[in-house]
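Trainee: Okay, here's the structure, questions in a sec.
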Amino acid sequence: MMSFSRLFAVFRKEVWQLKRDRLTIAMILGIPIIQILLFGYAINTDIRSIPTLVLNQSHTQLSRDLLSDLEASQVIQIKGYATHIQEIETKLRQGKISIGIVIPPDFERRLQDNERSAAQLLVDGSDPIILGAAKLLTAMPYHHHSHPPKQRGKLFDVRHYYNPEKRSSMNTIPGLIGVILTMTMVIFTSISLVRERERGNLELLINTPITTNELMLGKMLPYVLIGFFQVSLILLLGHLIFEIPVRGQLSDVYIAALVFVAANLTLGLLFSTLANSQLQALQMAIFIMLPSILLSGFMFPFDGMPQLAQWIAEILPLTHFERLIRGIMLRGANLHELLAELLILIGFTLLTLTLAIKRFRKRLD
């Protein structure tokens, strides 16, 4: 027969054990709060404030009125003005803008010509959501008191780059490289030192001549090889199954992956010095993965998020790697053009590695 007193005793013991585990309590409260805030506030599929560069060759009042109306729609945000179309194409390749607007010298005459579009949109078509938002601008009515509206045809002609077939997999597969590396690298390393401590191996390592730096780097190196294997596997499957190109240098892909893997490994090592058990280390890894996937631009447009969410996303390594890998693979950019994102990842790696080493030394003391 079941004894309810014994059952209650086990129940009470488990409750007291949970109350002592502050990290678990924080996860119980934190995960629902973060998900509600992310999905209800930060995640927005109605993209706004798309960074845009303008080439205005008309320089008329009508063209300036058009640009004012476009900004008033809040779909675009004009970041500056170009002097030639090559400047727009360079900024698109570097990922600094997503849309370029070209207003030709005969803009006013084109407004009267219902067979031709009056202006042109140059769009980074690698992201289907950006392309869809840009196409909404083509149907935007434009009427000025001194000029009749266009009766037929589109106000804009859309020229999309990097994804002529408009396949969503072109944007998803490169992004998956970063997501998979984040999931595996952070989890693997976050439990590594904790596992050594739980098995009693850490005491043995302390008594050997090995230094803290050697131990940390030795823990990281096997996972670097695993990360390279995963990158190669995704690239191969992406090419064979989905025909995903690598328009940039393949060496740039692996250099960017190396720096990103190092950033995730050092973050995992830092978690392992903070956790008291493998479960706590795993909870920390999950805690960082959730905002990384949702805020990095992998699933939802980065420009559609509020400013506060964008500031948080800039701290996460996945945000910068998504820009790197998509820029290299889809737009053919080189590491020199994406140097800022690479330097941020290197800085993140050095910071987290330093903190992990200091925390580990403190534990040994």
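Each chain of the structure tokens is named A, B, ... in the order shown, its residues numbered from 1; ligands are numbered from 1 in display order.
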Stretch 64-255 of chain A: which residues are helix (DSSP H, G or I) by DSSP, as a ChimeraX atom specification?
Mentor: /A:64-72,85-94,107-112,128-138,169-190,192-199,201-206,212-242,250-255
Trainee: One decimal, Å: what's the distance from atom CA of A:Ile50 over to atom CA of A:Arg159, could you say?
Mentor: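 We find that atom CA of A:Ile50 and atom CA of A:Arg159 lie 16.2 Å from each other.
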Trainee: Identify all residues of stretch 21-120 of chain A in strand (DSSP E or B) (DSSP on the backbone) and supply them as a PyMOL selection string.
Mentor: chain A and resi 50-56+76-81+99-103+119-120
Trainee: Using only C-alpha atoms, which residues sit within 8 Å of A:Lys219 once same-chain residues fewer than 4 positions away are excluded, as a PyMOL selection string?
Mentor: chain A and resi 189+192+215+223
Trainee: For A:Leu265, list every protein, DNA or RNA residue within 8 Å, evaluated using only C-alpha atoms, and leave out those in the same chain fewer than 2 positions away; present the list as an MDAnalysis selection string.
Mentor: chainID A and resid 185:186 189 220 223 261:263 267:269
Trainee: Got time to write the residues from that selection, C-alpha atoms, as a PDB file, in the first residue's frame?
Mentor:
```pdb
ATOM      1  CA  MET A 185      29.823  24.244 -28.624  1.00  0.00           C
ATOM      2  CA  VAL A 186      28.271  26.007 -25.628  1.00  0.00           C
ATOM      3  CA  THR A 189      32.147  22.989 -23.015  1.00  0.00           C
ATOM      4  CA  MET A 220      38.819  23.722 -26.268  1.00  0.00           C
ATOM      5  CA  TYR A 223      35.753  20.945 -29.922  1.00  0.00           C
ATOM      6  CA  VAL A 261      33.634  28.555 -32.413  1.00  0.00           C
ATOM      7  CA  ALA A 262      36.263  30.055 -30.100  1.00  0.00           C
ATOM      8  CA  ALA A 263      33.735  32.620 -28.836  1.00  0.00           C
ATOM      9  CA  LEU A 267      31.497  31.227 -23.173  1.00  0.00           C
ATOM     10  CA  GLY A 268      30.855  27.569 -22.351  1.00  0.00           C
ATOM     11  CA  LEU A 269      34.017  27.426 -20.244  1.00  0.00           C
TER      12      LEU A 269
END
```
Trainee: For a quick check of understanding, using only C-alpha atoms, which of A:Thr52, A:Asn114, A:Thr349, A:Ser98 has the smallest distance to A:Leu67?
Mentor: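 Distance minimum relative to A:Leu67 lands on A:Thr52.
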Trainee: Which value, in Å to one decimal, gives the distance between atom CA of A:Leu66 and atom CA of A:Ala118?
Mentor: 10.7 Å
Trainee: Using 12 Å as the limit and counting only C-alpha atoms, can you tabulate each residue of stretch 257-307 of chain A that touches stretch 122-144 of chain A, with its shortest atom-to-atom distance in Å and the two atoms involved, as a tab-separated table?
Mentor:
```
residue	atom	partner	partner_atom	distance
A:Gly297	CA	A:Asp127	CA	10.1
A:Phe298	CA	A:Asp127	CA	9.9
A:Met299	CA	A:Ile129	CA	10.2
A:Phe300	CA	A:Ile129	CA	8.5
A:Pro301	CA	A:Ile129	CA	7.3
A:Phe302	CA	A:Ile130	CA	10.3
A:Asp303	CA	A:Ile130	CA	9.5
A:Gly304	CA	A:Ile130	CA	9.9
```
Trainee: Of the candidates A:Leu111, A:Leu282, A:Leu53, A:Leu70, which one gets nearest to A:Ile85 if we count only C-alpha atoms?
Mentor: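 Using only C-alpha atoms, A:Ile85 sits closest to A:Leu53.
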Trainee: Need to verify the contact set: A:Ile315, 10 Å, only C-alpha atoms, exclusion of same-chain residues closer than 3 positions in sequence. Can you return it as a PyMOL selection string?
Mentor: chain A and resi 292+296+310-312+318-320+344-345+348
Trainee: Can you write just those residues out, N, CA and C atoms, as a short mmCIF file (atom, residue, chain, number, x, y, z; two decimals), in the first residue's frame?
Mentor:
```
data_model
loop_
_atom_site.label_atom_id
_atom_site.label_comp_id
_atom_site.auth_asym_id
_atom_site.auth_seq_id
_atom_site.Cartn_x
_atom_site.Cartn_y
_atom_site.Cartn_z
N SER A 292 19.69 34.06 -28.24
CA SER A 292 20.61 34.08 -29.38
C SER A 292 19.88 33.72 -30.67
N SER A 296 19.13 37.15 -33.04
CA SER A 296 20.32 37.30 -33.89
C SER A 296 19.99 37.66 -35.34
N GLN A 310 17.66 45.22 -30.08
CA GLN A 310 18.84 45.25 -30.94
C GLN A 310 20.11 45.44 -30.12
N TRP A 311 20.04 46.25 -29.06
CA TRP A 311 21.21 46.44 -28.19
C TRP A 311 21.59 45.12 -27.52
N ILE A 312 20.59 44.37 -27.05
CA ILE A 312 20.87 43.07 -26.44
C ILE A 312 21.46 42.11 -27.46
N LEU A 318 26.22 35.16 -31.85
CA LEU A 318 25.51 34.65 -33.02
C LEU A 318 25.07 35.77 -33.95
N THR A 319 24.73 36.92 -33.40
CA THR A 319 24.31 38.06 -34.22
C THR A 319 25.40 38.44 -35.22
N HIS A 320 26.62 38.51 -34.75
CA HIS A 320 27.72 38.94 -35.61
C HIS A 320 28.14 37.83 -36.58
N ILE A 344 34.65 42.16 -33.33
CA ILE A 344 33.76 42.05 -32.17
C ILE A 344 33.80 40.64 -31.61
N LEU A 345 33.78 39.64 -32.48
CA LEU A 345 33.85 38.25 -32.02
C LEU A 345 35.19 37.95 -31.34
N PHE A 348 35.07 39.50 -27.92
CA PHE A 348 34.21 38.70 -27.05
C PHE A 348 34.96 37.46 -26.57
#
```
Trainee: From the options A:Ile288, A:Ala256, A:Ala26, A:Leu225, which residue's atoms come nearest to A:Ala340, counting only C-alpha atoms?
Mentor: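 For A:Ala340, the nearest of the candidates is A:Ala256.
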Trainee: Mind checking which residues fall within 12 Å of A:Lys79, counting only C-alpha atoms, ignoring those fewer than 5 positions away in the same chain, and posting them as a PDB file with C-alpha atoms, in the first residue's frame?
Mentor:
```
ATOM      1  CA  SER A  49      13.234  50.919 -40.460  1.00  0.00           C
ATOM      2  CA  ILE A  50      15.064  48.931 -43.140  1.00  0.00           C
ATOM      3  CA  PRO A  51      18.478  50.631 -43.615  1.00  0.00           C
ATOM      4  CA  THR A  52      18.405  52.325 -47.017  1.00  0.00           C
ATOM      5  CA  LEU A  53      20.816  54.273 -49.214  1.00  0.00           C
ATOM      6  CA  VAL A  54      19.478  56.719 -51.817  1.00  0.00           C
ATOM      7  CA  LEU A  55      20.845  57.740 -55.205  1.00  0.00           C
ATOM      8  CA  GLU A  71      10.342  57.498 -44.739  1.00  0.00           C
ATOM      9  CA  ILE A  88      24.850  51.131 -53.247  1.00  0.00           C
ATOM     10  CA  LYS A  91      26.958  48.668 -49.175  1.00  0.00           C
ATOM     11  CA  LYS A  96      25.339  47.779 -44.168  1.00  0.00           C
ATOM     12  CA  ILE A  97      22.067  48.416 -46.007  1.00  0.00           C
ATOM     13  CA  SER A  98      19.257  46.194 -47.236  1.00  0.00           C
ATOM     14  CA  ILE A  99      17.643  48.498 -49.809  1.00  0.00           C
ATOM     15  CA  GLY A 100      18.953  51.032 -52.290  1.00  0.00           C
ATOM     16  CA  ILE A 101      16.669  53.579 -53.973  1.00  0.00           C
TER      17      ILE A 101
END
```
Trainee: Can you list, as a ChimeraX atom specification, every protein, DNA or RNA residue that comes within 10 Å of A:Glu322 when you count only C-alpha atoms, leaving out same-chain residues fewer than 4 positions away?
Mentor: /A:171,174-179,296-298,317-318,326-328,341
Trainee: Could you write those residues out with N, CA and C atoms, as a short mmCIF file (atom, residue, chain, number, x, y, z; two decimals), in the first residue's frame?
Mentor:
```cif
data_model
loop_
_atom_site.label_atom_id
_atom_site.label_comp_id
_atom_site.auth_asym_id
_atom_site.auth_seq_id
_atom_site.Cartn_x
_atom_site.Cartn_y
_atom_site.Cartn_z
N ASN A 171 18.65 31.75 -47.37
CA ASN A 171 18.90 32.53 -46.16
C ASN A 171 18.99 31.64 -44.92
N PRO A 174 22.73 28.98 -44.45
CA PRO A 174 23.92 29.60 -43.85
C PRO A 174 23.69 30.00 -42.40
N GLY A 175 22.48 30.49 -42.09
CA GLY A 175 22.19 30.84 -40.71
C GLY A 175 22.22 29.66 -39.76
N LEU A 176 21.86 28.49 -40.27
CA LEU A 176 21.86 27.29 -39.44
C LEU A 176 23.26 26.92 -38.97
N ILE A 177 24.29 27.29 -39.72
CA ILE A 177 25.66 27.01 -39.29
C ILE A 177 25.91 27.62 -37.92
N GLY A 178 25.53 28.88 -37.77
CA GLY A 178 25.72 29.56 -36.49
C GLY A 178 24.88 28.97 -35.38
N VAL A 179 23.63 28.63 -35.69
CA VAL A 179 22.73 28.08 -34.67
C VAL A 179 23.24 26.73 -34.17
N SER A 296 19.13 37.15 -33.04
CA SER A 296 20.32 37.30 -33.89
C SER A 296 19.99 37.66 -35.34
N GLY A 297 18.72 37.56 -35.72
CA GLY A 297 18.37 37.76 -37.12
C GLY A 297 18.23 36.46 -37.88
N PHE A 298 18.41 35.33 -37.20
CA PHE A 298 18.28 34.04 -37.88
C PHE A 298 16.83 33.76 -38.26
N PRO A 317 27.19 36.61 -29.62
CA PRO A 317 28.10 36.26 -30.73
C PRO A 317 27.36 35.83 -31.99
N LEU A 318 26.22 35.16 -31.85
CA LEU A 318 25.51 34.65 -33.02
C LEU A 318 25.07 35.77 -33.95
N ARG A 326 26.47 34.99 -43.77
CA ARG A 326 25.58 35.33 -44.87
C ARG A 326 26.25 36.31 -45.83
N GLY A 327 27.07 37.19 -45.29
CA GLY A 327 27.79 38.11 -46.16
C GLY A 327 28.78 37.38 -47.05
N ILE A 328 29.50 36.41 -46.49
CA ILE A 328 30.50 35.67 -47.27
C ILE A 328 29.84 34.72 -48.26
N GLU A 341 32.62 43.03 -37.70
CA GLU A 341 31.95 41.89 -37.05
C GLU A 341 32.99 40.88 -36.55
#
```
Trainee: Using only C-alpha atoms for the distances, tell me which of A:Pro104, A:Pro291, A:Gly30, A:Gly218 is nearest to A:Gln120.
Mentor: A:Pro104
Trainee: Of the candidates A:Val102, A:Leu330, A:Ile241, A:Ala275, which one gets nearest to A:Ala356 if we count only C-alpha atoms?
Mentor: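 Smallest separation from A:Ala356 among the options: A:Ala275.
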